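Reproduced below: protein-v3.pdb, with PDB, C-alpha atoms.
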```pdb
MODEL        1
ATOM      1  CA  MET A   1      91.900 -60.058 -88.583
ATOM      2  CA  SER A   2      94.970 -62.049 -89.595
ATOM      3  CA  ASP A   3      97.316 -59.769 -91.531
ATOM      4  CA  LEU A   4     100.131 -57.399 -90.681
ATOM      5  CA  LEU A   5     100.616 -54.085 -92.453
ATOM      6  CA  VAL A   6     104.064 -52.526 -92.799
ATOM      7  CA  ILE A   7     104.281 -48.907 -93.974
ATOM      8  CA  GLY A   8     107.542 -47.424 -95.173
ATOM      9  CA  GLU A   9     110.257 -47.135 -97.743
ATOM     10  CA  ALA A  10     111.493 -49.757-100.173
ATOM     11  CA  LEU A  11     114.774 -48.998-101.880
ATOM     12  CA  VAL A  12     117.767 -50.616-103.525
ATOM     13  CA  ASP A  13     120.973 -50.915-101.506
ATOM     14  CA  VAL A  14     123.966 -50.453-103.753
ATOM     15  CA  VAL A  15     126.647 -52.212-101.696
ATOM     16  CA  SER A  16     130.206 -51.030-102.233
ATOM     17  CA  THR A  17     133.050 -53.257-101.021
ATOM     18  CA  GLY A  18     136.628 -53.941-102.026
ATOM     19  CA  ALA A  19     135.260 -56.517-104.484
ATOM     20  CA  GLY A  20     133.026 -54.022-106.339
ATOM     21  CA  ARG A  21     129.403 -52.853-106.279
ATOM     22  CA  GLU A  22     126.208 -54.912-106.167
ATOM     23  CA  ALA A  23     122.499 -53.927-106.028
ATOM     24  CA  HIS A  24     120.282 -55.558-103.402
ATOM     25  CA  PRO A  25     116.693 -54.949-102.227
ATOM     26  CA  GLY A  26     116.603 -52.872 -99.053
ATOM     27  CA  GLY A  27     114.888 -50.294 -96.916
ATOM     28  CA  SER A  28     114.131 -51.024 -93.286
ATOM     29  CA  PRO A  29     110.322 -51.426 -93.635
ATOM     30  CA  LEU A  30     110.732 -53.602 -96.742
ATOM     31  CA  ASN A  31     113.207 -55.787 -94.853
ATOM     32  CA  VAL A  32     110.834 -56.141 -91.908
ATOM     33  CA  ALA A  33     107.969 -57.081 -94.240
ATOM     34  CA  VAL A  34     110.129 -59.673 -95.998
ATOM     35  CA  GLY A  35     111.393 -61.007 -92.677
ATOM     36  CA  LEU A  36     107.861 -61.437 -91.372
ATOM     37  CA  ALA A  37     106.702 -63.150 -94.565
ATOM     38  CA  ARG A  38     109.664 -65.529 -94.563
ATOM     39  CA  LEU A  39     108.896 -66.498 -90.980
ATOM     40  CA  GLY A  40     105.343 -67.337 -92.018
ATOM     41  CA  ALA A  41     103.287 -64.206 -91.372
ATOM     42  CA  SER A  42     100.757 -62.800 -93.839
ATOM     43  CA  VAL A  43     102.157 -59.361 -94.705
ATOM     44  CA  THR A  44     101.136 -56.342 -96.777
ATOM     45  CA  LEU A  45     103.540 -53.483 -97.522
ATOM     46  CA  ALA A  46     102.443 -49.906 -98.215
ATOM     47  CA  THR A  47     105.357 -48.226 -99.963
ATOM     48  CA  CYS A  48     106.425 -46.144-102.958
ATOM     49  CA  ILE A  49     108.450 -47.670-105.822
ATOM     50  CA  GLY A  50     108.685 -47.140-109.561
ATOM     51  CA  THR A  51     108.712 -49.473-112.540
ATOM     52  CA  ASP A  52     112.324 -48.716-113.479
ATOM     53  CA  GLU A  53     115.162 -51.235-113.150
ATOM     54  CA  PHE A  54     115.466 -50.769-109.384
ATOM     55  CA  GLY A  55     111.679 -50.945-109.027
ATOM     56  CA  ARG A  56     111.579 -54.247-110.869
ATOM     57  CA  ILE A  57     114.260 -55.610-108.529
ATOM     58  CA  LEU A  58     112.136 -54.661-105.522
ATOM     59  CA  SER A  59     108.830 -55.921-106.936
ATOM     60  CA  GLY A  60     110.385 -59.279-107.789
ATOM     61  CA  HIS A  61     111.982 -59.598-104.370
ATOM     62  CA  LEU A  62     108.718 -58.842-102.579
ATOM     63  CA  ALA A  63     106.756 -61.280-104.725
ATOM     64  CA  ARG A  64     109.273 -64.087-104.182
ATOM     65  CA  SER A  65     109.136 -63.551-100.428
ATOM     66  CA  GLY A  66     105.337 -63.559-100.332
ATOM     67  CA  VAL A  67     104.775 -59.881 -99.495
ATOM     68  CA  VAL A  68     101.703 -58.199-101.010
ATOM     69  CA  VAL A  69     101.866 -54.460-101.789
ATOM     70  CA  THR A  70      98.961 -52.066-101.432
ATOM     71  CA  GLN A  71      97.296 -50.516-104.444
ATOM     72  CA  GLY A  72      99.242 -47.425-105.461
ATOM     73  CA  SER A  73     102.552 -48.615-104.001
ATOM     74  CA  VAL A  74     103.954 -49.059-107.514
ATOM     75  CA  ASP A  75     103.938 -45.791-109.469
ATOM     76  CA  PRO A  76     105.432 -45.626-112.996
ATOM     77  CA  SER A  77     105.932 -41.868-112.679
ATOM     78  CA  ILE A  78     108.528 -42.019-109.898
ATOM     79  CA  ARG A  79     112.182 -42.997-109.684
ATOM     80  CA  THR A  80     112.833 -45.834-107.264
ATOM     81  CA  SER A  81     114.863 -44.785-104.232
ATOM     82  CA  SER A  82     118.350 -46.104-103.524
ATOM     83  CA  ALA A  83     121.003 -46.160-100.821
ATOM     84  CA  THR A  84     124.710 -46.717-101.341
ATOM     85  CA  ALA A  85     126.159 -48.768 -98.478
ATOM     86  CA  SER A  86     129.934 -48.749 -97.965
ATOM     87  CA  ILE A  87     131.086 -51.697 -95.861
ATOM     88  CA  ARG A  88     133.708 -50.894 -93.237
ATOM     89  CA  SER A  89     136.432 -53.320 -92.137
ATOM     90  CA  ASP A  90     134.360 -54.442 -89.124
ATOM     91  CA  GLY A  91     131.378 -55.372 -91.333
ATOM     92  CA  SER A  92     129.273 -52.337 -90.407
ATOM     93  CA  ALA A  93     127.702 -50.189 -93.124
ATOM     94  CA  GLN A  94     127.715 -46.458 -93.857
ATOM     95  CA  TYR A  95     124.818 -45.227 -96.058
ATOM     96  CA  ASP A  96     124.282 -42.442 -98.588
ATOM     97  CA  PHE A  97     120.635 -42.053 -99.667
ATOM     98  CA  ASP A  98     118.786 -40.907-102.787
ATOM     99  CA  ILE A  99     115.160 -41.050-101.687
ATOM    100  CA  THR A 100     111.801 -39.380-102.146
ATOM    101  CA  TRP A 101     108.957 -40.464 -99.868
ATOM    102  CA  ASP A 102     105.265 -39.853-100.379
ATOM    103  CA  ILE A 103     102.318 -42.184 -99.908
ATOM    104  CA  SER A 104      98.529 -42.330 -99.849
ATOM    105  CA  ALA A 105      97.026 -43.329 -96.527
ATOM    106  CA  PRO A 106      96.307 -47.096 -96.560
ATOM    107  CA  ARG A 107      93.234 -48.623 -94.956
ATOM    108  CA  ILE A 108      94.374 -50.087 -91.640
ATOM    109  CA  SER A 109      91.166 -51.336 -90.021
ATOM    110  CA  SER A 110      91.448 -54.855 -91.472
ATOM    111  CA  PHE A 111      94.900 -55.518 -89.981
ATOM    112  CA  ARG A 112      95.767 -56.781 -86.521
ATOM    113  CA  GLY A 113      99.297 -55.391 -86.573
ATOM    114  CA  LEU A 114     100.851 -52.206 -87.935
ATOM    115  CA  HIS A 115     104.582 -51.509 -88.223
ATOM    116  CA  THR A 116     106.662 -48.590 -89.414
ATOM    117  CA  GLY A 117     110.168 -47.287 -89.065
ATOM    118  CA  SER A 118     113.167 -45.416 -90.380
ATOM    119  CA  ILE A 119     112.881 -42.943 -93.261
ATOM    120  CA  GLY A 120     109.291 -43.819 -94.138
ATOM    121  CA  ALA A 121     108.122 -42.977 -90.633
ATOM    122  CA  LEU A 122     109.915 -39.656 -90.366
ATOM    123  CA  LEU A 123     110.554 -38.048 -93.758
ATOM    124  CA  ALA A 124     107.952 -35.541 -95.006
ATOM    125  CA  PRO A 125     105.507 -35.625 -96.605
ATOM    126  CA  GLY A 126     104.897 -39.352 -96.186
ATOM    127  CA  GLY A 127     105.939 -39.395 -92.540
ATOM    128  CA  ASP A 128     102.998 -37.233 -91.517
ATOM    129  CA  ILE A 129     100.614 -39.706 -93.158
ATOM    130  CA  VAL A 130     102.278 -42.616 -91.339
ATOM    131  CA  ALA A 131     101.976 -40.841 -87.993
ATOM    132  CA  ALA A 132      98.315 -40.133 -88.653
ATOM    133  CA  CYS A 133      97.734 -43.838 -89.407
ATOM    134  CA  PHE A 134      99.246 -44.792 -86.055
ATOM    135  CA  GLU A 135      97.189 -42.201 -84.219
ATOM    136  CA  SER A 136      93.963 -43.366 -85.855
ATOM    137  CA  ALA A 137      94.551 -47.101 -85.319
ATOM    138  CA  GLY A 138      92.055 -48.779 -83.006
ATOM    139  CA  PRO A 139      93.095 -50.228 -79.629
ATOM    140  CA  GLU A 140      92.802 -53.761 -81.030
ATOM    141  CA  ILE A 141      95.692 -53.146 -83.480
ATOM    142  CA  LEU A 142      99.236 -53.782 -82.252
ATOM    143  CA  ARG A 143     101.470 -50.910 -83.420
ATOM    144  CA  SER A 144     105.250 -51.313 -83.572
ATOM    145  CA  PHE A 145     107.909 -48.704 -84.346
ATOM    146  CA  ASP A 146     111.647 -48.876 -85.043
ATOM    147  CA  PRO A 147     113.073 -45.345 -85.540
ATOM    148  CA  ASN A 148     116.230 -46.686 -87.266
ATOM    149  CA  ILE A 149     117.535 -43.128 -87.583
ATOM    150  CA  ARG A 150     119.299 -41.966 -90.762
ATOM    151  CA  PRO A 151     120.608 -38.486 -89.831
ATOM    152  CA  SER A 152     121.946 -37.740 -93.327
ATOM    153  CA  VAL A 153     118.378 -37.956 -94.679
ATOM    154  CA  LEU A 154     116.285 -36.721 -91.764
ATOM    155  CA  GLY A 155     118.147 -33.679 -90.494
ATOM    156  CA  PRO A 156     119.169 -32.545 -86.997
ATOM    157  CA  ARG A 157     118.046 -34.175 -83.781
ATOM    158  CA  GLU A 158     115.893 -31.261 -82.617
ATOM    159  CA  GLN A 159     113.761 -31.633 -85.752
ATOM    160  CA  VAL A 160     113.593 -35.433 -85.722
ATOM    161  CA  LEU A 161     112.926 -36.155 -82.040
ATOM    162  CA  PRO A 162     109.382 -34.663 -81.948
ATOM    163  CA  SER A 163     108.381 -36.842 -84.916
ATOM    164  CA  VAL A 164     109.862 -39.935 -83.245
ATOM    165  CA  GLU A 165     108.035 -39.240 -80.015
ATOM    166  CA  ARG A 166     104.770 -38.524 -81.846
ATOM    167  CA  ILE A 167     104.731 -42.036 -83.321
ATOM    168  CA  ALA A 168     106.072 -43.574 -80.107
ATOM    169  CA  ARG A 169     103.100 -42.173 -78.177
ATOM    170  CA  ALA A 170     100.799 -44.127 -80.495
ATOM    171  CA  SER A 171     102.888 -47.333 -80.412
ATOM    172  CA  THR A 172     102.520 -50.559 -78.473
ATOM    173  CA  VAL A 173     106.100 -51.687 -79.152
ATOM    174  CA  VAL A 174     109.166 -49.473 -79.647
ATOM    175  CA  LYS A 175     112.524 -50.948 -80.658
ATOM    176  CA  LEU A 176     115.652 -48.800 -80.921
ATOM    177  CA  SER A 177     119.274 -49.631 -81.608
ATOM    178  CA  ASP A 178     121.886 -48.309 -79.188
ATOM    179  CA  GLU A 179     122.985 -45.912 -81.959
ATOM    180  CA  ASP A 180     119.411 -44.596 -82.266
ATOM    181  CA  ALA A 181     119.162 -44.213 -78.495
ATOM    182  CA  GLU A 182     122.457 -42.345 -78.218
ATOM    183  CA  TRP A 183     121.594 -39.995 -81.097
ATOM    184  CA  LEU A 184     118.062 -39.264 -79.901
ATOM    185  CA  HIS A 185     118.787 -39.180 -76.158
ATOM    186  CA  PRO A 186     122.448 -38.348 -75.496
ATOM    187  CA  GLY A 187     123.441 -38.968 -71.902
ATOM    188  CA  LEU A 188     120.798 -41.612 -71.193
ATOM    189  CA  ASN A 189     121.734 -45.273 -70.809
ATOM    190  CA  ALA A 190     119.704 -48.089 -72.359
ATOM    191  CA  ALA A 191     117.547 -48.658 -69.283
ATOM    192  CA  GLU A 192     116.767 -44.944 -69.034
ATOM    193  CA  VAL A 193     115.795 -44.843 -72.706
ATOM    194  CA  THR A 194     113.402 -47.766 -72.236
ATOM    195  CA  ALA A 195     111.863 -45.956 -69.256
ATOM    196  CA  HIS A 196     111.384 -42.812 -71.349
ATOM    197  CA  TYR A 197     109.445 -44.617 -74.072
ATOM    198  CA  ALA A 198     107.428 -46.541 -71.511
ATOM    199  CA  ARG A 199     106.356 -43.201 -70.042
ATOM    200  CA  LEU A 200     105.296 -42.106 -73.537
ATOM    201  CA  GLY A 201     102.959 -45.100 -73.602
ATOM    202  CA  ALA A 202     104.708 -48.086 -75.200
ATOM    203  CA  ALA A 203     103.886 -51.401 -73.503
ATOM    204  CA  LEU A 204     107.163 -53.030 -74.588
ATOM    205  CA  VAL A 205     110.426 -51.184 -75.271
ATOM    206  CA  VAL A 206     113.650 -52.779 -76.477
ATOM    207  CA  VAL A 207     117.091 -51.259 -76.986
ATOM    208  CA  THR A 208     119.388 -53.517 -79.002
ATOM    209  CA  GLN A 209     123.156 -53.344 -78.510
ATOM    210  CA  GLY A 210     124.522 -55.526 -81.300
ATOM    211  CA  GLY A 211     126.728 -58.304 -79.989
ATOM    212  CA  ALA A 212     126.240 -57.005 -76.438
ATOM    213  CA  GLY A 213     122.608 -58.152 -76.367
ATOM    214  CA  SER A 214     119.458 -56.144 -75.709
ATOM    215  CA  VAL A 215     117.699 -54.413 -72.822
ATOM    216  CA  LEU A 216     113.911 -54.596 -72.632
ATOM    217  CA  ARG A 217     111.205 -53.087 -70.498
ATOM    218  CA  LEU A 218     107.685 -54.396 -69.988
ATOM    219  CA  GLY A 219     105.850 -51.954 -67.761
ATOM    220  CA  ALA A 220     108.070 -51.412 -64.725
ATOM    221  CA  ALA A 221     110.043 -54.651 -65.233
ATOM    222  CA  THR A 222     113.325 -54.824 -67.150
ATOM    223  CA  ALA A 223     115.492 -57.649 -68.432
ATOM    224  CA  PHE A 224     118.703 -58.231 -70.371
ATOM    225  CA  VAL A 225     118.737 -60.691 -73.272
ATOM    226  CA  PRO A 226     122.125 -61.815 -74.643
ATOM    227  CA  ALA A 227     122.894 -61.844 -78.342
ATOM    228  CA  GLN A 228     123.601 -65.118 -80.094
ATOM    229  CA  THR A 229     127.256 -65.663 -80.940
ATOM    230  CA  THR A 230     127.951 -65.989 -84.650
ATOM    231  CA  LYS A 231     130.590 -65.133 -87.232
ATOM    232  CA  VAL A 232     129.626 -61.769 -88.756
ATOM    233  CA  ALA A 233     129.668 -61.312 -92.530
ATOM    234  CA  ASP A 234     128.110 -57.829 -92.273
ATOM    235  CA  THR A 235     125.431 -56.137 -90.208
ATOM    236  CA  ILE A 236     123.113 -55.077 -93.044
ATOM    237  CA  GLY A 237     119.551 -55.932 -92.064
ATOM    238  CA  ALA A 238     120.421 -57.053 -88.535
ATOM    239  CA  GLY A 239     118.086 -54.620 -86.794
ATOM    240  CA  ASP A 240     115.315 -55.277 -89.307
ATOM    241  CA  SER A 241     115.665 -59.023 -88.793
ATOM    242  CA  TYR A 242     115.456 -58.496 -85.041
ATOM    243  CA  MET A 243     112.326 -56.365 -85.488
ATOM    244  CA  ALA A 244     110.685 -58.935 -87.763
ATOM    245  CA  GLY A 245     111.457 -61.738 -85.331
ATOM    246  CA  LEU A 246     110.170 -59.749 -82.365
ATOM    247  CA  LEU A 247     106.923 -58.800 -84.093
ATOM    248  CA  PHE A 248     106.375 -62.326 -85.436
ATOM    249  CA  PHE A 249     106.817 -63.866 -81.992
ATOM    250  CA  LEU A 250     104.562 -61.292 -80.347
ATOM    251  CA  THR A 251     101.738 -61.822 -82.861
ATOM    252  CA  THR A 252     101.947 -65.624 -82.984
ATOM    253  CA  THR A 253     103.538 -67.320 -79.989
ATOM    254  CA  VAL A 254     102.520 -64.699 -77.416
ATOM    255  CA  GLY A 255      99.440 -63.383 -79.239
ATOM    256  CA  SER A 256      98.921 -59.680 -79.905
ATOM    257  CA  GLY A 257      95.858 -59.598 -77.663
ATOM    258  CA  THR A 258      97.998 -60.712 -74.722
ATOM    259  CA  LEU A 259     100.254 -57.695 -75.074
ATOM    260  CA  LEU A 260      97.447 -55.265 -75.870
ATOM    261  CA  GLY A 261      95.417 -56.537 -72.942
ATOM    262  CA  GLY A 262      98.283 -56.125 -70.480
ATOM    263  CA  ALA A 263      98.549 -59.850 -69.773
ATOM    264  CA  MET A 264     102.003 -60.480 -71.268
ATOM    265  CA  THR A 265     104.613 -61.528 -68.712
ATOM    266  CA  LEU A 266     108.304 -60.637 -68.554
ATOM    267  CA  PRO A 267     109.301 -64.234 -69.476
ATOM    268  CA  ASP A 268     107.099 -63.872 -72.586
ATOM    269  CA  ALA A 269     108.955 -60.690 -73.505
ATOM    270  CA  VAL A 270     112.340 -62.308 -72.910
ATOM    271  CA  GLN A 271     111.402 -65.251 -75.143
ATOM    272  CA  ALA A 272     110.301 -62.836 -77.868
ATOM    273  CA  ALA A 273     113.587 -60.932 -77.649
ATOM    274  CA  ALA A 274     115.587 -64.170 -77.671
ATOM    275  CA  PHE A 275     113.795 -65.294 -80.829
ATOM    276  CA  ALA A 276     114.446 -61.878 -82.377
ATOM    277  CA  ALA A 277     118.146 -62.174 -81.497
ATOM    278  CA  ALA A 278     118.254 -65.603 -83.142
ATOM    279  CA  CYS A 279     116.802 -64.106 -86.335
ATOM    280  CA  ALA A 280     119.394 -61.320 -86.299
ATOM    281  CA  ALA A 281     122.214 -63.821 -85.775
ATOM    282  CA  VAL A 282     121.248 -65.685 -88.947
ATOM    283  CA  THR A 283     121.118 -62.444 -90.925
ATOM    284  CA  VAL A 284     124.541 -61.133 -89.851
ATOM    285  CA  SER A 285     126.136 -64.487 -90.622
ATOM    286  CA  ARG A 286     125.613 -63.982 -94.366
ATOM    287  CA  PRO A 287     126.130 -61.013 -96.700
ATOM    288  CA  GLY A 288     123.395 -58.424 -97.209
ATOM    289  CA  ALA A 289     119.888 -58.211 -95.786
ATOM    290  CA  ASP A 290     119.155 -61.923 -96.297
ATOM    291  CA  LEU A 291     116.597 -62.477 -93.563
ATOM    292  CA  PRO A 292     115.886 -66.027 -92.371
ATOM    293  CA  ARG A 293     112.983 -68.387 -92.802
ATOM    294  CA  LEU A 294     111.466 -70.021 -89.763
ATOM    295  CA  ASP A 295     113.245 -73.359 -90.178
ATOM    296  CA  GLU A 296     116.585 -71.515 -90.124
ATOM    297  CA  VAL A 297     115.887 -69.962 -86.721
ATOM    298  CA  ALA A 298     114.084 -72.590 -84.675
ATOM    299  CA  PRO A 299     112.168 -75.822 -85.286
ATOM    300  CA  ALA A 300     108.880 -74.769 -86.870
ATOM    301  CA  SER A 301     106.968 -77.217 -84.692
ATOM    302  CA  SER A 302     108.062 -75.502 -81.473
ATOM    303  CA  ILE A 303     106.859 -72.097 -82.645
ATOM    304  CA  ARG A 304     103.567 -73.425 -83.968
ATOM    305  CA  SER A 305     102.786 -75.481 -80.895
ATOM    306  CA  GLU A 306     103.281 -72.466 -78.637
ATOM    307  CA  SER A 307     101.198 -70.237 -80.902
ATOM    308  CA  GLU A 308      98.203 -72.528 -80.430
ATOM    309  CA  ASN A 309      97.899 -71.270 -76.869
ATOM    310  CA  PRO A 310      98.875 -67.604 -76.988
TER     311      PRO A 310
ENDMDL
END
```

Show the structure stored in the file as structure tokens.
Amino acid sequence: MSDLLVIGEALVDVVSTGAGREAHPGGSPLNVAVGLARLGASVTLATCIGTDEFGRILSGHLARSGVVVTQGSVDPSIRTSSATASIRSDGSAQYDFDITWDISAPRISSFRGLHTGSIGALLAPGGDIVAACFESAGPEILRSFDPNIRPSVLGPREQVLPSVERIARASTVVKLSDEDAEWLHPGLNAAEVTAHYARLGAALVVVTQGGAGSVLRLGAATAFVPAQTTKVADTIGAGDSYMAGLLFFLTTTVGSGTLLGGAMTLPDAVQAAAFAAACAAVTVSRPGADLPRLDEVAPASSIRSESENP
């Protein structure tokens, strides 16, 4: 098995700034799939897009980045989802969504890695299908989850948290932003949040804190990984770039079997998080969710040489 499967929404970000409005491909799972493909992974995306103008933007973007979509992901009968992102003065984004999410269950047995997150993981009716895919995945499949909470779409915390924890219980890797952690678990600090998801069953848990770095937990061990300093254009796609970098490093340099088999060390996890932070730093340094290729993050030879001995 050599491929990774990402399940989740693909949508068009309509970015509104002082200079006007522009349409860009977006959606957290789409961004992760594109990020993985640009780094060199073989990626398939199970999603739900139309053949309208926005759908054509997304299909072209995926094809140019080398992402394959599952049969049925493109449906002429639906309207492609969108999100309007208003950029604040500090470069952060506020989103308003127009989205419908439904999907047929993809076949997952031929993949060695499975990822989901955000709206596609949690919005009914498609979210229930995603959760069922995670629960039915065999122990040889690495499963990663980034809640990437959008409260305006998903509803109140008491309704969302059980769905988050359902997928987390079936996940090998859980990555949350500090905003996700605070919204889902008010009163807990980052280390306490990582401990909570470790108790649910995740082997590796990461809480990202933007420019303040990230906190990770591997079993009972924890570590802090600093962010890379860079000039920020905006933060669109930063968390998705981090997730793509983390998953790429875990499935290549470390080797998914190492994590699944319980043999991954804390230094391995720290290296994976540092690579993920380097990916995010490239993304925030330029406008929009423009995720990096491998030669923009680190010398390709260093990644490949390490991946020969996972």

Original post:
Given the file above and the PyMOL selection byres ((chain A and resi 2-19) around 7), which residues are selected, and can you give them as a VMD selection string?
Top reply: chain A and resid 1 20 to 27 29 to 30 33 42 to 49 54 80 to 87 111 to 117 119 to 121

**OP:** Have a look at atom CA of A:Ser171 and atom CA of A:Ser73 and let me know their distance in Å, one decimal.
**Re:**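 Going from atom CA of A:Ser171 over to atom CA of A:Ser73, I get 23.6 Å.
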
Subject >> Residues matched by the PyMOL selection byres ((chain A and resi 255-263) around 9) as a list in words >> reply: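 Applied to this file, the PyMOL selection byres ((chain A and resi 255-263) around 9) selects Arg112, Gly113, Pro139, Glu140, Ile141, Leu142, Thr172, Ala203, Leu204, Phe249, Leu250, Thr251, Thr252, Thr253, Val254, Met264, Thr265, Ser307, Asn309 and Pro310 of chain A.
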
Original post:
Selected by the PyMOL selection byres ((chain A and resi 287) around 9) in the shown coordinates: which residues, as a PyMOL selection string?
Top reply: chain A and resi 232-236+283-286+288-290

Original post:
At what distance in Å, to one decimal, does atom CA of A:Ile99 lie from atom CA of A:Phe134?
Top reply: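 Taking atom CA of A:Phe134 as the start and atom CA of A:Ile99 as the end point, the length is 22.6 Å.
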
Subject >> Separation of atom CA of A:Leu266 from atom CA of A:Glu182, in Å and rounded to one decimal >> reply: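 Interatomic distance here is 25.1 Å.
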
**OP:** Would you please work out which residue, of A:Ala221, A:Ala105, A:Leu39, A:Val297, is nearest to A:Pro267 when using all atoms listed in the file?
**Re:**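 Using all atoms listed in the file, A:Pro267 sits closest to A:Ala221.
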
List every protein, DNA or RNA residue with an atom no more than 10 Å from (115.6, -50.7, -90.0) in the file's coordinates, counting only C-alpha atoms, and format the result as a compact mmCIF listing (two decimals) with C-alpha atoms, in the frame of the given file.
```txt
# COMPACT_ATOMS: atom_id res chain seq x y z
CA GLY A 26 116.60 -52.87 -99.05
CA GLY A 27 114.89 -50.29 -96.92
CA SER A 28 114.13 -51.02 -93.29
CA PRO A 29 110.32 -51.43 -93.64
CA LEU A 30 110.73 -53.60 -96.74
CA ASN A 31 113.21 -55.79 -94.85
CA VAL A 32 110.83 -56.14 -91.91
CA THR A 116 106.66 -48.59 -89.41
CA GLY A 117 110.17 -47.29 -89.06
CA SER A 118 113.17 -45.42 -90.38
CA ILE A 119 112.88 -42.94 -93.26
CA PHE A 145 107.91 -48.70 -84.35
CA ASP A 146 111.65 -48.88 -85.04
CA PRO A 147 113.07 -45.34 -85.54
CA ASN A 148 116.23 -46.69 -87.27
CA ILE A 149 117.54 -43.13 -87.58
CA ARG A 150 119.30 -41.97 -90.76
CA LYS A 175 112.52 -50.95 -80.66
CA LEU A 176 115.65 -48.80 -80.92
CA SER A 177 119.27 -49.63 -81.61
CA ILE A 236 123.11 -55.08 -93.04
CA GLY A 237 119.55 -55.93 -92.06
CA ALA A 238 120.42 -57.05 -88.54
CA GLY A 239 118.09 -54.62 -86.79
CA ASP A 240 115.32 -55.28 -89.31
CA SER A 241 115.66 -59.02 -88.79
CA TYR A 242 115.46 -58.50 -85.04
CA MET A 243 112.33 -56.36 -85.49
CA ALA A 244 110.68 -58.94 -87.76
```

Report, as lines of an AutoDock Vina configuration file, the axis-aligned box around all atoms of stretch 137-146 of chain A present in the file, extended by 5 Å on each side; give centre and edge lengths in Å to one decimal place.
```
center_x = 101.9
center_y = -50.4
center_z = -82.5
size_x = 29.6
size_y = 16.7
size_z = 15.7
```

Subject >> From A:His196, A:Arg38, A:Arg88, A:Arg157, residue lying nearest A:Val67 [only C-alpha atoms] >> reply: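 Answer, going by the shortest atom-to-atom distance: A:Arg38.
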
**OP:** Compare A:Thr51, A:Thr208, A:Ser92, A:Asn189 by their minimum atom-to-atom distance to A:Asp75, counting all atoms listed in the file, and give me the closest one.
**Re:**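 Of all the options, A:Thr51 lies closest to A:Asp75.
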
Subject >> Residue nearest A:Phe224 among A:Trp183, A:Val270, A:Leu123, A:Arg143 (counting only C-alpha atoms) >> reply: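 Among A:Trp183, A:Val270, A:Leu123, A:Arg143, it is A:Val270 that comes nearest to A:Phe224.
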
**OP:** With a distance cut-off of 7 Å and all atoms listed in the file, select the neighbouring residues of A:Gly50, excluding the residue or stretch itself and same-chain residues fewer than 4 positions from it, and output the selection as a list in words.
**Re:**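 Here the answer would be Gly55, Val74, Asp75, Pro76, Ser77, Ile78, Arg79 and Thr80 of chain A.
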
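If you measure from each of A:Leu36, A:Ala168, A:Ala202, A:Ile103 to A:Ala276 using all atoms listed in the file, the closest one turns out to be A:Leu36.
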
**OP:** Select, counting only C-alpha atoms, all protein, DNA and RNA residues no farther than 10 Å from (123.1, -65.5, -80.1) in file coordinates, and express the selection as a PyMOL selection string.
**Re:** chain A and resi 211-213+225-230+274-282

Original post:
Of the candidates A:Gly126, A:Ala269, A:Ile167, A:Ser104, which shows the shortest atom-to-atom distance to A:Gln71, using only C-alpha atoms?
Top reply: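 With only C-alpha atoms as the atom set, the closest residue is A:Ser104.
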